[in-house]
Each structure stands twice: as structure tokens, then as C-alpha cells.
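**Q** Okay, here's the structure, questions in a sec.
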Amino acid sequence: MKLAIKLAYRNLIGAGLRTWLNVVVLSFSFVVIIWLKGVMVGWDYQAKTDMTNWEIGGGQYWHSNYDPFDSFTLADAHAPIPNDAKDEIAKGNMTPVLIAHGTIYPQGRMQSIMIKGIDPKQSIFLLPTHKLDTVTDAIPAIIGSLMAKSLKLNKNDHVTIRWRDANGTFDADEVVITEIFSSNVPMAEMAQVYIPLDRLQAMLLLPEQATILTYRDGEMDRVPLEGWTHKTKKELTASVDRIIETKTIGQTVLYGILLLLAMLAIFDTQVLSIFRRQKEIGTYIALGYTRSQVVGLFTVEGTMHSVLAALTSAVYGIPFLAWQAKVGWTMPIDTSDFGMAIAQTLYPIYSVSLVVSTVLIVMLVTAVVSYLPSRRIAKMNPTDALRGKIQ
Amino acid sequence: MEIIQIQNLTKRFPMGKGEFTALKGINLSFGKGEFAGLIGPSGSGKTTLLNIIGSLDVPSDGEALVLGNSIGKLSAKQAAKLRKENLGFIFQSYNLLQVHTVFENVEFPLLLLNYSTSERKKMVADALEWVGLTDKTKSKPPQLSGGECQRVAIARAMVKRPSLVLADEPTANLDAANSHNILQTMEKLNRELQTTFIFATHDEKVISYLHRKIFLLDGRVDKDEVVKSN
């Protein structure tokens, strides 16, 4: 094996441009695959981090009637905050949110909204809820930039909202936009109006009640709360996992095409080598190689393309990947319309396992692609090979 | 001492729906240190016989015993071992490894035999000195003349000091001056190292150097004469 590696290296270096063309194509595949996979990992990480920071915290308890995909359940999705939770809320490790269906009327138009009552002093979410802790002539409210854009609302604008209280009576009042925030989580922004929890509780005639209890620490063991459904962070981010999984399948096709291009070059080189280098093959056999050893030599030679490609990739790939990890990849289009947690700029994350597995997979595929045409050598007649007679 | 014994050797090749018999009941033997040649026109079977002696091919019938090994009964691995340890080959078109340097080409058989780096350096230097190419170690075959290439091939064949060197039309691609130079080199190595040389040739220049001339005609030994004792 040592000898095969030595000879393969000599042969490859001796082949000059032909070798380097293959190596460059293969190294390009290495870098692009690692980069794309890094973007996916980065997106996954960012999406989950953003969701944690803006929407789900370390996990949640949902009122048993609450269904985020059915706003009609909201009328019944509330209950007094359980005593077991009050201690954590007092310590700031849990925050209650009351949700009601409502309507907003900006400039005479109307749009359905979710009115969320949230504690202005909470620190679990990155929402600038402290902006709700203010004295104004109307109900203080904060909204996301997506919402502000769609409603054409600006900071300090006054706008009417309408809701229905616990008795089914419609009521309306004015809110003032005290802050417009920007997040990468559309669910935290789209059609959401945040007002102080106590104000909403009073508006709905639901004192001390909540729809969702969000806790900070996802690692702690959680006791079940009667009438509330416990949702772990993993369950709440499952949608991101599914999106990433779908995207990963799509990207696998791209990896496949990239690898196919590189492997085509290797396969082509191997096939050409076996035809062009028949005399050389015959010479190896005459000098004492068995045919299977020559097959091994050619396979090592083909596989060594991927070793050289890995080294070449390191030369320009490491600076490129490091630069990308620093500046990120800015999406060419506005990601706010995507409807899922995706930042405008994605920062790739490369793990050791990602790099090692990519290198190993490419090497393994290269070895297989190199071996397949080389098997032909085993059927060669060495006396014909020595004369360079096409077999 | 006989190092090659060939008894009633026949070689048939498939041709179309039938067979072509290249060698028909050959009986020959070669002793250590011979400088012999298989002489004959194209199709007489000289290269086929050389290939069988070199364990690159096997007999259809009969036996070829080379250095105590029955060629027909050797496995591929055993045949490779025989070639690796005891045989040297010189080809008409040199068959050098084009992307390797002269040094690397000559070093190749020693790599297969697992010699150490220092041993290889010494042995390659000796071999290149025998053929007068010490100044071309870093050159590659495309940078050499035909005569130089064949001298590299001789050095490669001789570097491991084999018992037997098989040369198939070694001067066919060379001019007269280079041919004589090559043949003198080989004769000198035969004399000094007691290596057995067997040629397959129809070149008069080669024939004039041979100590033993075996004439083949249509796959049979037509004449076997010793012109000069070793």
C-alpha cells in the first residue's frame, strides 16, 4: 500500500495539468458542499435561537384549548395562572401571555390581529416590552416591522383596535405604537400587537388569566400543570427541523450534481488512463506486479485526486469559509416574505464532523469511481498490454 | 548449470473460430551466463517463447521450467514473484514510465523488492554507471534520445542483478551506432555479472553479438548453434 501511494503520487504529479484540472474541480466540490452544509447548520442554529429569543423561550405551557392554527379556540383558551407557576413568574423565570383575537383599523382599513398581553418587565423574550411600561394617552403597543410595513404604521401613530371581552361584548379603544421592533421570526411579528398584560386582562375581563406560560430554562424538569399542555422547546422547533430537512433533501441533489461533475472527471481520467497507459500497465506486470496490484495502484491513484483536492481546498477554502462565517451570506431577496424563521444574512457554521464527513464521503465516492474502471485491468492480457494493443 | 528447461512446449492462440499454433513442441535449455538469441522472422514464435520464459504467458502443452519454477503451474502471484526477483525485461519500445525520472524508472524494481532508500540509491547509481547515464538521473524519458531510453531500460532490467534478462527486439528502434553501444553494454554486463541474456531478434547487428543462436521457423526450432563459448 505504501508503495502504491508512493507510485500513485509520482504518477499524479508527473501527469501535471491533467491531474490539477481534476483536483481543482474536486476541490471546488469540497468547498461548496461544506459551505452549503454550513449554511444549513447556521440557518438551523439561527432559526432556533431566534425562535427561542423571540417566540418560545425555553419551552411553554399552553392552555389545553389553545390551538395556534385555529383563532376560534382563543375565546376559550385562557385560565387563571396556576399557583405552581406564580413563584417562577415572580422570579422572572416564567412569563404569562394572554392572547385574544381582535381587529385593527389603520387609516380606515381593517385587519384581523392577535392581541397579546405581555408583562412589560419580562426578560425572557427579546421583545422590547419595556416600551409598554409608559404613560400615554392611549394603550401602549409594540408591533413588528413586518406588521408596521403592512399596516403602514409608524412609531407614535394612534390606531383603533377592537376586541370581544369574556362576555362576548365588543369593545374598542385606541393604541399608540410606542416601538416597532425587528426580528427574524415572522410568527412573532405577523398580525401581532403586544400590549401590557394587565391592560389586556382588564379589557377582556379576565384578571390573572393567561393563554401561554413561557419559561426560560429548557433544561429543568417540568411538572405537569392541570389544564395546561406542556410543550418542550424541541416540540416547538419541530417545524424548523422539518423545513431544514426538506431543504437538506433539496441540497443533497445539488451535492449530487457537484459530486457527479467531479466524479465524471475522475472516471473519465481513469478510463482514459487504462486505454492510454496499457504499455505502462504491461510494464508494471513485467516488473513484478500482479494484475490486482495494478488495479490497486490505479484505484489509489484515482483516490489520491481527492486527497490532493482536500489539500487544495484547504488552501483557498479555509480562508473563504472563515470569511463567510464572519460576514455571512446575505440573501439576495427580502426574507421577510418567506413566512419562516430565516435571517436576511445567514452565518454558516462548520463543525469538525461536517468537514470530516464531507471529506470522507468524497474520498469514498472517488475510491469507488476510481476502482470501477480499473477492474478492467484484471482482465488484460499482459503481453498485449506490453505492446499497447487496445483490449 | 541449466536455469531454463523447455520440454515439448506448445502454445496455441484462439483465432477466429479456430486456433493458431505459435510454438510446436519446442525443446530447449539454457545455462547460467548464456548470451543467446531466438532468431526468426515475424510470426516464427520468438516473442511468444520469450513471454512464456518470462512468465507473462503460459504454455498450452509441455513444460517450461525457469529457475526451478514450472511456468504453467505458477499462480499469478507466484509468477509475479518470479519476475520481480529473478527476471529483467528489455523491450523494443523501452516501456519506460514516462512521468518518472531516469532515477525513478531504474529504482522501480528495487521498490518492489523493499530495498532501503540508501541501498536503492547505491544500486541505481551503479546501474546508471554501467550504462553511462549518471548525468541524466533527473531527466524524464521524453527528454532522452532512443539510445538513452534503451540504456535506461537496460539499467532498470539489471539494477536488481537478476539471473535472467529477456530482451525483445532491443535494437529495433535504434540506429546502428546506438545498437552497437547497447549490445556492447549488455555483453559487458553478461560477462561481468554472469547474467543470462536471451534475445528475441531478427536484427543482424544483434545476431552478430550472440554466443548462441537459436533459429525458429513456424514455431519450431530450426537450428541451434553455439558460436562462442561463454
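We name chains A, B, ... following the order of the C-alpha cells; residues begin at 1 in each chain, and ligands are numbered from 1 as shown.
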When DSSP works through the backbone of this structure, what residues of stretch 144-222 of chain B end up as alpha helix (DSSP H), shown as a ChimeraX atom specification?
**A** /B:146-158,176-193,204-209
**Q** Tell me, as a list of chain:residue names, which residues lie within 8 Å of B:Ala80, counting only C-alpha atoms; anything in the same chain fewer than 6 positions away does not count.
**A**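 Contacts, with the query itself left out: A:Ile285, A:Ala286, A:Leu287, A:Gly288, A:Tyr289, A:Thr290, B:Ser55.
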**Q** Just how far from atom CA of A:Met114 is atom CA of A:Gln192, in Å to one decimal?
**A**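 Interatomic distance, atom CA of A:Gln192 to atom CA of A:Met114: 5.0 Å.
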**Q** Report as a tab-separated table the residues of chain A within 12 Å of chain B, each with its shortest atom pair and distance in Å (one decimal), using only C-alpha atoms, ordered by chain and increasing residue number.
**A**
residue	atom	partner	partner_atom	distance
A:Met1	CA	B:Leu112	CA	11.2
A:Lys2	CA	B:Leu111	CA	10.2
A:Leu3	CA	B:Leu111	CA	7.2
A:Ala4	CA	B:Leu112	CA	9.9
A:Lys6	CA	B:Leu111	CA	9.7
A:Leu7	CA	B:Phe108	CA	9.0
A:Ala8	CA	B:His100	CA	11.0
A:Tyr9	CA	B:His100	CA	10.7
A:Arg10	CA	B:His100	CA	6.9
A:Asn11	CA	B:Val99	CA	6.2
A:Leu12	CA	B:Val99	CA	8.6
A:Ile13	CA	B:Val99	CA	8.2
A:Gly14	CA	B:Val99	CA	4.6
A:Ala15	CA	B:Val99	CA	6.4
A:Gly16	CA	B:Val99	CA	9.0
A:Arg276	CA	B:Gln98	CA	11.9
A:Arg277	CA	B:Leu97	CA	9.5
A:Gln278	CA	B:Asn95	CA	10.2
A:Lys279	CA	B:Asn95	CA	6.5
A:Glu280	CA	B:Leu97	CA	6.4
A:Ile281	CA	B:Leu97	CA	9.7
A:Gly282	CA	B:Asn95	CA	8.6
A:Thr283	CA	B:Asn95	CA	6.3
A:Tyr284	CA	B:Leu97	CA	9.2
A:Ile285	CA	B:Ala80	CA	7.1
A:Ala286	CA	B:Arg83	CA	6.6
A:Leu287	CA	B:Lys84	CA	5.6
A:Gly288	CA	B:Lys84	CA	4.0
A:Tyr289	CA	B:Ala80	CA	5.8
A:Thr290	CA	B:Ala80	CA	5.6
A:Arg291	CA	B:Ala76	CA	8.1
A:Ser292	CA	B:Lys77	CA	9.4
A:Gln293	CA	B:Lys77	CA	9.8
A:Val294	CA	B:Ala80	CA	11.6
A:Ala378	CA	B:Ala76	CA	11.0
A:Met380	CA	B:Leu56	CA	11.5
A:Asn381	CA	B:Asp57	CA	8.5
A:Pro382	CA	B:Leu56	CA	6.4
A:Thr383	CA	B:Leu56	CA	6.4
A:Asp384	CA	B:Leu56	CA	10.1
A:Ala385	CA	B:Leu56	CA	10.6
A:Leu386	CA	B:Asn95	CA	7.7
A:Arg387	CA	B:Ser93	CA	8.5
A:Gly388	CA	B:Asn95	CA	9.7
**Q** Would you list the contacts of A:Pro319 as an NGL selection string, taking every protein, DNA or RNA residue within 12 Å and counting only C-alpha atoms, but skipping same-chain residues closer than 6 positions in sequence?
**A** :A and (31 or 35 or 312-313 or 325-326)
**Q** With N, CA and C atoms retained, could you export that selection as a PDB file, in the first residue's frame?
**A**
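Done, and the output landed in result.pdb:
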ATOM      1  N   VAL A  31     -15.399  22.484  -1.240  1.00  0.00           N
ATOM      2  CA  VAL A  31     -15.655  23.784  -0.610  1.00  0.00           C
ATOM      3  C   VAL A  31     -17.144  24.123  -0.670  1.00  0.00           C
ATOM      4  N   TRP A  35     -19.576  24.520   2.444  1.00  0.00           N
ATOM      5  CA  TRP A  35     -20.209  25.835   2.625  1.00  0.00           C
ATOM      6  C   TRP A  35     -21.731  25.714   2.694  1.00  0.00           C
ATOM      7  N   THR A 312      -5.834  21.089  -1.607  1.00  0.00           N
ATOM      8  CA  THR A 312      -6.044  22.305  -2.400  1.00  0.00           C
ATOM      9  C   THR A 312      -7.200  23.118  -1.815  1.00  0.00           C
ATOM     10  N   SER A 313      -8.260  22.395  -1.428  1.00  0.00           N
ATOM     11  CA  SER A 313      -9.424  23.081  -0.836  1.00  0.00           C
ATOM     12  C   SER A 313      -9.006  23.842   0.405  1.00  0.00           C
ATOM     13  N   ALA A 325     -18.084  32.738   7.357  1.00  0.00           N
ATOM     14  CA  ALA A 325     -18.596  32.589   8.725  1.00  0.00           C
ATOM     15  C   ALA A 325     -18.624  33.943   9.430  1.00  0.00           C
ATOM     16  N   LYS A 326     -17.721  34.834   9.014  1.00  0.00           N
ATOM     17  CA  LYS A 326     -17.627  36.146   9.646  1.00  0.00           C
ATOM     18  C   LYS A 326     -18.654  37.134   9.067  1.00  0.00           C
TER      19      LYS A 326
END
**Q** Run DSSP on the backbone and grab whatever in stretch 36-108 of chain B lands in strand (DSSP E or B); send it over as a list of chain:residue names.
**A**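 Checking each residue of stretch 36-108 of chain B, the strand (DSSP E or B) ones are B:Ala36, B:Gly37, B:Leu38, B:Ile39, B:Asp61, B:Gly62, B:Glu63, B:Ala64, B:Leu65, B:Val66, B:Asn69, B:Ser70, B:Leu87, B:Gly88, B:Phe89, B:Ile90.
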**Q** Quick one: residues within 10 Å of stretch 208-223 of chain B, only C-alpha atoms, excluding same-chain residues fewer than 5 positions away - as a ChimeraX atom specification?
**A** /B:9-11,21-28,30,34-46,48-49,180,183-184,186-187,197-203,228-230
**Q** Need the shell around stretch 45-54 of chain A: protein/DNA/RNA residues with any atom at most 9 Å away, counting only C-alpha atoms. Skip same-chain ones fewer than 2 positions apart. Format as a ChimeraX atom specification?
**A** /A:40-43,56-59,124-127,183-185,187-188,233,236-237,240,340-343,346-347,349
**Q** Quote the spacing between atom CA of A:Gln270 and atom CA of A:Trp20 in Å to one decimal place.
**A**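 Straight-line distance from atom CA of A:Gln270 to atom CA of A:Trp20 works out to 14.3 Å.
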**Q** What lies within 12 Å of A:Ala172 using only C-alpha atoms, ignoring chain neighbours under 6 positions off, as a list of chain:residue names?
**A**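 These residues fall inside the cut-off: A:Gly102, A:Thr103, A:Ile104, A:Tyr105, A:Ala138, A:Ile139, A:Val159, A:Thr160, A:Ile161, A:Arg162, A:Trp163, A:Arg164, A:Asp165, A:Leu200, A:Met203, A:Leu204.
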**Q** List as a list in words the protein and nucleic acid residues near B:Lys73, meaning an atom at most 10 Å away when only C-alpha atoms are counted, but skip any in the same chain fewer than 6 places from it.
**A** Val58, Pro59, Glu63, Ala64, Leu65 and Ala79 of chain B
**Q** Save the residues we just selected, N, CA and C atoms, as a PDB file, in the first residue's frame?
**A**
ATOM      1  N   VAL B  58       1.526 -18.493 -20.549  1.00  0.00           N
ATOM      2  CA  VAL B  58       1.683 -19.898 -20.103  1.00  0.00           C
ATOM      3  C   VAL B  58       1.623 -20.838 -21.304  1.00  0.00           C
ATOM      4  N   PRO B  59       2.282 -21.974 -21.202  1.00  0.00           N
ATOM      5  CA  PRO B  59       2.224 -22.927 -22.318  1.00  0.00           C
ATOM      6  C   PRO B  59       0.846 -23.576 -22.425  1.00  0.00           C
ATOM      7  N   GLU B  63       6.204 -28.279 -21.000  1.00  0.00           N
ATOM      8  CA  GLU B  63       6.628 -27.633 -19.764  1.00  0.00           C
ATOM      9  C   GLU B  63       7.757 -26.638 -19.994  1.00  0.00           C
ATOM     10  N   ALA B  64       7.709 -25.545 -19.274  1.00  0.00           N
ATOM     11  CA  ALA B  64       8.808 -24.574 -19.264  1.00  0.00           C
ATOM     12  C   ALA B  64       9.230 -24.392 -17.822  1.00  0.00           C
ATOM     13  N   LEU B  65      10.430 -24.856 -17.529  1.00  0.00           N
ATOM     14  CA  LEU B  65      10.940 -24.770 -16.155  1.00  0.00           C
ATOM     15  C   LEU B  65      11.963 -23.630 -16.105  1.00  0.00           C
ATOM     16  N   ALA B  79       4.012 -16.133 -10.212  1.00  0.00           N
ATOM     17  CA  ALA B  79       4.649 -15.674 -11.450  1.00  0.00           C
ATOM     18  C   ALA B  79       5.190 -14.252 -11.266  1.00  0.00           C
TER      19      ALA B  79
END
**Q** For atom CA of A:Thr232 and atom CA of A:His63, quote the distance in Å rounded to one decimal.
**A**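 Atom CA of A:Thr232 sits 14.1 Å away from atom CA of A:His63.
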